[in-house]
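One structure below.
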Amino acid sequence: MRYPQILAICLATLLSAPLVGQEIDPSLFSALTARNIGPAGMSGRITAIDGLTSDPNVLWVGAATGGLWKSMNGGTTWTPVFDEQRVSGIGAVAIDQNAPEVVWVGTGEGNPRNSAGVGAGLYKTMDGGATWQLLGFEQSERIHRIVLHPTDSNVAWIGVMGPAWSDGEERGVYKTTDSGKTWQQVLWVNERTGIADLIIDPSNPMKLFAAMWEFRREPWFFTSGGPGSGLYVSHDGGENWSRYREDDGMPAGELGRIGLAISPSEPSVVYALVEAERSALLRSDNGGASWQMVNDDPGVANRPFYYADIFVDPENELRVYNLNSRLWISEDGGRSFLQADVDVHSDFHAMWIDANDPRHILVGTDGGVWESLDKAETWRVFDNLPVGQFYHVSVDDAVPYNVYGGMQDNGSWRGPSDVWQVGGIRNYEWREIAFGDGFNSLLDPDDANLGYGMSQGGRLVRFDLRTGERKFVRPWAPEGTPLRFNWNAPLAFDPFASGTVYYGSQFVHKSENRGTTWQVVSPDLTTNDPSKQRQAQSGGLTIDASGAENHTTLTTIAPSPVERDLIWTGSDDGKVHLSRAAGGTWEDLTERIDDVPDAT
């Protein structure tokens, strides 16, 4: 018997007739506490890093959906310090270098992919993370930057990106002069435009640069760029702002996301990585008075909606780090870049450089936090941060039972729920069973050594735990009809037929031999709306067709566990269908569901 079934029986007992209509006493479940079973070795997406300048052993790390972590010993051990708050998505973290126990945290990650972590405000701790105070911005969804005044701890600027899926008033740059008690919105463009980046001149805290970004995400499309995007400068602490124009050196036409960096050793040198019709890296050698294009190679702004961070070496204004799918380094002020020849997990989103020792660097990737002590020549991963982003989890019937699941950009894995040995579960006891962005991972109910893992684009793999074989078993398109698989496609077993598997695109695919061959057993069970099938053109100024915007797709296939041949399906555009003939015929039940919003 599966462990979830045991739990279901226990819950059914508690919810038996005498308790119907009554509230359940929460204390009945007080002994059910969560325990960490991992994994940490592959970690997960990191969005923010800050370190204490006077003691680089003090590190703070924010994860996309894994909360906030603190280390007092250079990453040897980590302590979660934000788990009691209402959200776990982190967008920005800033240590007050004048008072190290004071740390500001913005929630909601600032790389608005389809599965980004959402936030609910700005937080501050005065005691190193023991307690937290909410300072507002509950409707912001994404706070991407926090800039603290270098000498006056009462003054801070907050860069709010705002909602990705809707209009929003809480966007732009906000300033406080009383430690966060009150705020003034000092830069706002429109309801679709939020902050992309915000930096301060280290030699003149009255001077700030702000990159505003107009963007919008829809379930079936993403648009980066628009008239609201632009680069601004303030010379009076953010009270007034001037926008740079084409005459100042900005690219022609509409702009998109912009990343900014200023040289700590030579503040007159400022960089701007600008998404445009032809994206480019710009540099100013006169403190932003004018800008020159130094690099417009096609790869210099790689996938800008997801990567737009640049950094300058604290001692060398010509050494520039460009973070995108890989780490690129320039030694000539951005005119040319070389890929850092390192075996680091791809997708770079955060960086911290030790101001007193530029050889010491931390980066945050989709695979956790990595550290270099030799200016990015060699790296080690902190394999003790369990912040992997599971899309699904499932279990088997072993004793102790094993847990299976797929993680964002880290494949699909199998690990024990418990081990009968001193020291608990080790990272090495988690084994990869499939590759790619991992989604659902299920063990065959009739063969404990066979299972299925899946990744984006409907890629489906059958794995064999005995031999280690992984066989690609994704269904082929019927008669040349392009298949539309959801980013997180549905997979299910037939509970009455051994070896029978169902998989969903816009159709229901059925295999009676564990994926060796497939047949289509349904018509298109979505609206098949062409206006929501433009994923190949998604991205706005920069096309980004990763499959994340695939729409008019099935998201659920649910064979009945009590009635043979009965199958339910649901789609991302609001369709619900039922078959009572194992897919032979289908009935659209959508109109029978009351009080459901229009999917359009």
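A note on labels: chains of the structure tokens are A, B, ... as shown, every chain counts residues from 1, and ligands are counted from 1 in their shown order.
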
Worksheet entry | Residue list (strand (DSSP E), DSSP) for segment 39-255 of chain A, as number ranges by chain | A: 46-52, 55-63, 68-71, 79-80, 90-95, 103-107, 122-125, 133-134, 143-148, 156-160, 172-176, 184-187, 193-201, 204-218, 221-224, 230-234, 242-243, 255

Item to complete: Would you mind listing what lies within 9 Å of Phe507 of chain A as a ChimeraX atom specification, with only C-alpha atoms counted and same-chain residues fewer than 3 positions away left out?
Response: /A:483-484,503-504,520-526,553-554

Practice prompt. For Ile557 of chain A, list every protein, DNA or RNA residue within 7 Å, evaluated using only C-alpha atoms, and leave out those in the same chain fewer than 2 positions away; present the list as a list in words.
Written response: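 Answer for this query is Pro490, Leu491, Ala492, Pro559, Trp568, Thr569 and Gly570 of chain A.
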
Writing out the chosen residues with N, CA and C atoms as a CSV table (one decimal), in the first residue's frame:
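Saved result, selection-v5.csv, follows:
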```csv
chain,number,residue,atom,x,y,z
A,490,PRO,N,0.7,16.7,-18.9
A,490,PRO,CA,0.1,15.7,-18.1
A,490,PRO,C,0.5,14.2,-18.4
A,491,LEU,N,0.7,13.4,-17.4
A,491,LEU,CA,1.1,12.0,-17.5
A,491,LEU,C,0.3,11.2,-16.5
A,492,ALA,N,-0.2,10.0,-16.9
A,492,ALA,CA,-1.0,9.2,-16.0
A,492,ALA,C,-1.0,7.8,-16.4
A,559,PRO,N,-7.4,9.4,-15.2
A,559,PRO,CA,-8.2,8.1,-15.3
A,559,PRO,C,-8.9,7.8,-13.9
A,568,TRP,N,-10.9,11.8,-17.3
A,568,TRP,CA,-11.2,13.2,-17.3
A,568,TRP,C,-9.9,13.9,-17.9
A,569,THR,N,-10.2,15.0,-18.6
A,569,THR,CA,-9.0,15.9,-19.0
A,569,THR,C,-9.4,17.4,-18.7
A,570,GLY,N,-8.3,18.1,-18.5
A,570,GLY,CA,-8.5,19.6,-18.4
A,570,GLY,C,-7.4,20.3,-19.2
```

Worksheet entry | Å distance separating atom CA of Gly436 of chain A from atom CA of Met407 of chain A, one decimal place |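 Calculated distance between atom CA of Gly436 of chain A and atom CA of Met407 of chain A is 8.6 Å.
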